[in-house]
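Undergrad: Dropping a structure here in structure tokens format, bear with me for questions.
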Amino acid sequence: MSEDGATRKRDDYLEWPEYFMAVAFLSAQRSKDPSSQVGACIVNQENKIVGIGYNGMPNGCDDDLLPWSRSADDRLNTKYPYVCHAELNAIMNKNSADVKGCTMYVALFPCNECAKLIIQAGDCWDHTAKIISLLGRLIRAFYSKCAYIFCSFGLITAPKMLVFSK
Ligand SMILES: [Zn+2]
């Protein structure tokens with residue numbers, strides 16, 4: 001065996017947490033919201049992704065017609081009554097029966113509406129306590145070994161998309 005390391009596995013591969021958080025950050029890039037882009041990635045206990053989402057207007061609603069502003073005289077002319085948050089979309093997009101025991105990777109602290117969704121979807125929390133203290137028990141700090149992940153399509157020799165037939 002050679003001493004140049006070519007036959008050994010890489011040591012600097014992406015760990016699972018960084019990989020899933022990167023998926024959440026990448027998903028955020030899909031958002032059309034001009035002021036905040038948030039992505040979420042739900043992972044089951046087998047480290048398989050079961051849901052991805054980002055903040056955006058509800059399905060079927062024309063995002064060229066709905067407002068994207070953060071303030072207006074009439075609240076109905078702001079984005080807030082309409083935008084679906086990343087956490088909501090990730091849960092709604094799930095490809096598993098439920099998200100019990102799963103972990104959600106998300107860049108921002110969830111709002112109170114998403115906190116309720118996360119707690120209800122998990123179905124194992126004490127509903128008598130305050131939402132935010134419950135959420136504090138759910139949330140784990142995310143520590144990354146790397147500050148950023150570099151991704152360039154130029155580094156891939158010949159990127160391809162494979163489409164399965166219907
Ligand atoms: Zn939210």
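So you can find residues: chains in the structure tokens are A, B, ... in the order shown, residues in each start at 1, and ligands are numbered from 1 in order.
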For stretch 103-111 of chain A, work out the shell of residues within 6 Å, counting only C-alpha atoms and skipping chain neighbours fewer than 3 positions away, then give it as a list in words.
TA: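 Neighbouring residues, sequence-local ones excluded: Met21, Ala40, Cys41, Ile42, Val43, Cys114 and Ala115 of chain A.
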Undergrad: Find the residues around A:Ser31 up to 10 Å (only C-alpha atoms counted), leave out those fewer than 3 positions away in its own chain, and share them as a PyMOL selection string.
TA: chain A and resi 26-28+34-39+53-57+86
Undergrad: Apply DSSP to the structure's backbone, then extract all residues of stretch 12-132 of chain A labelled strand (DSSP E) and return them as an MDAnalysis selection string.
TA: chainID A and resid 39:43 49:54 103:106
Undergrad: Could the residues in this selection be saved with N, CA and C atoms as a short mmCIF file (atom, residue, chain, number, x, y, z; two decimals), in the first residue's frame?
TA:
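Result file follows (result_28.cif):
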data_model
loop_
_atom_site.label_atom_id
_atom_site.label_comp_id
_atom_site.auth_asym_id
_atom_site.auth_seq_id
_atom_site.Cartn_x
_atom_site.Cartn_y
_atom_site.Cartn_z
N GLY A 39 -34.06 28.31 5.67
CA GLY A 39 -34.26 26.94 5.21
C GLY A 39 -34.34 26.01 6.40
N ALA A 40 -34.98 24.85 6.21
CA ALA A 40 -35.08 23.86 7.27
C ALA A 40 -34.91 22.47 6.67
N CYS A 41 -34.29 21.61 7.43
CA CYS A 41 -34.05 20.23 6.98
C CYS A 41 -34.37 19.29 8.13
N ILE A 42 -35.30 18.37 7.91
CA ILE A 42 -35.69 17.40 8.94
C ILE A 42 -35.03 16.07 8.64
N VAL A 43 -34.42 15.49 9.66
CA VAL A 43 -33.64 14.26 9.51
C VAL A 43 -34.14 13.22 10.50
N ILE A 49 -32.77 12.28 5.28
CA ILE A 49 -33.57 13.50 5.18
C ILE A 49 -35.01 13.13 4.84
N VAL A 50 -35.95 13.59 5.66
CA VAL A 50 -37.36 13.26 5.43
C VAL A 50 -38.20 14.50 5.10
N GLY A 51 -37.59 15.68 5.17
CA GLY A 51 -38.34 16.89 4.82
C GLY A 51 -37.42 18.09 4.66
N ILE A 52 -37.73 18.91 3.67
CA ILE A 52 -36.96 20.12 3.41
C ILE A 52 -37.95 21.24 3.15
N GLY A 53 -37.64 22.44 3.60
CA GLY A 53 -38.52 23.57 3.33
C GLY A 53 -37.77 24.88 3.41
N TYR A 54 -38.38 25.90 2.86
CA TYR A 54 -37.86 27.27 2.97
C TYR A 54 -39.06 28.21 3.00
N THR A 103 -34.90 15.23 13.88
CA THR A 103 -34.22 16.47 14.22
C THR A 103 -34.43 17.45 13.08
N MET A 104 -34.72 18.70 13.45
CA MET A 104 -34.85 19.72 12.42
C MET A 104 -33.64 20.65 12.48
N TYR A 105 -32.98 20.83 11.37
CA TYR A 105 -31.88 21.78 11.26
C TYR A 105 -32.43 23.05 10.64
N VAL A 106 -32.27 24.16 11.35
CA VAL A 106 -32.81 25.43 10.87
C VAL A 106 -31.92 26.56 11.37
#
Undergrad: Point out the residue among A:Ala121, A:Cys84, A:Ala147, A:Ala141 with the least atom-to-atom distance to ligand 1, counting only C-alpha atoms and all ligand atoms.
TA: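 Ranking A:Ala121, A:Cys84, A:Ala147, A:Ala141 by distance to ligand 1, first place goes to A:Cys84.
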Undergrad: Restricting the calculation to only C-alpha atoms, which member of A:Lys9, A:Ser152, A:Pro17, A:Gly60 is positioned closest to A:Arg140?
TA: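 Looking at the shortest contact to A:Arg140, the residue is A:Pro17.
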Undergrad: Work out how far apart atom CA of A:Met92 and atom CA of A:Asp64 are and give it in Å to one decimal.
TA: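 One can read the atom CA of A:Met92 to atom CA of A:Asp64 distance as 22.9 Å.
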Undergrad: Find the residue from A:Asp98, A:Ile139, A:Pro159, A:Val83 that sits nearest to ligand 1; use only C-alpha atoms and all ligand atoms when measuring.
TA: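 Checking each of A:Asp98, A:Ile139, A:Pro159, A:Val83 against ligand 1, counting only C-alpha atoms and all ligand atoms, the winner is A:Val83.
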Undergrad: Which one of A:Phe142, A:Phe164, A:Tyr82, A:Phe153 sits closest to ligand 1 if you count only C-alpha atoms and all ligand atoms?
TA: A:Tyr82
Undergrad: DSSP says alpha helix (DSSP H) for which residues of stretch 10-157 of chain A? Put them as an MDAnalysis selection string?
TA: chainID A and resid 16:28 86:92 112:122 131:138
Undergrad: Using only C-alpha atoms, which residue out of A:Lys32, A:Cys146, A:Cys151, A:Val99 lies closest to A:Asp62?
TA: A:Lys32
Undergrad: What is the atom CA of A:Thr78 to atom CA of A:Leu66 distance in Å?
TA: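 Pair atom CA of A:Thr78 / atom CA of A:Leu66 returns 8.5 Å.
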Undergrad: How far is it from atom CA of A:Ile119 to atom CA of A:Pro58, in Å with one decimal?
TA: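 Distance between the two atoms: 21.7 Å.
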Undergrad: Which is closer to A:Asp12 than all the others in A:Lys79, A:Arg30, A:Lys145, A:Lys94, using only C-alpha atoms?
TA: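 The shortest atom-to-atom distance to A:Asp12 comes from A:Lys145.
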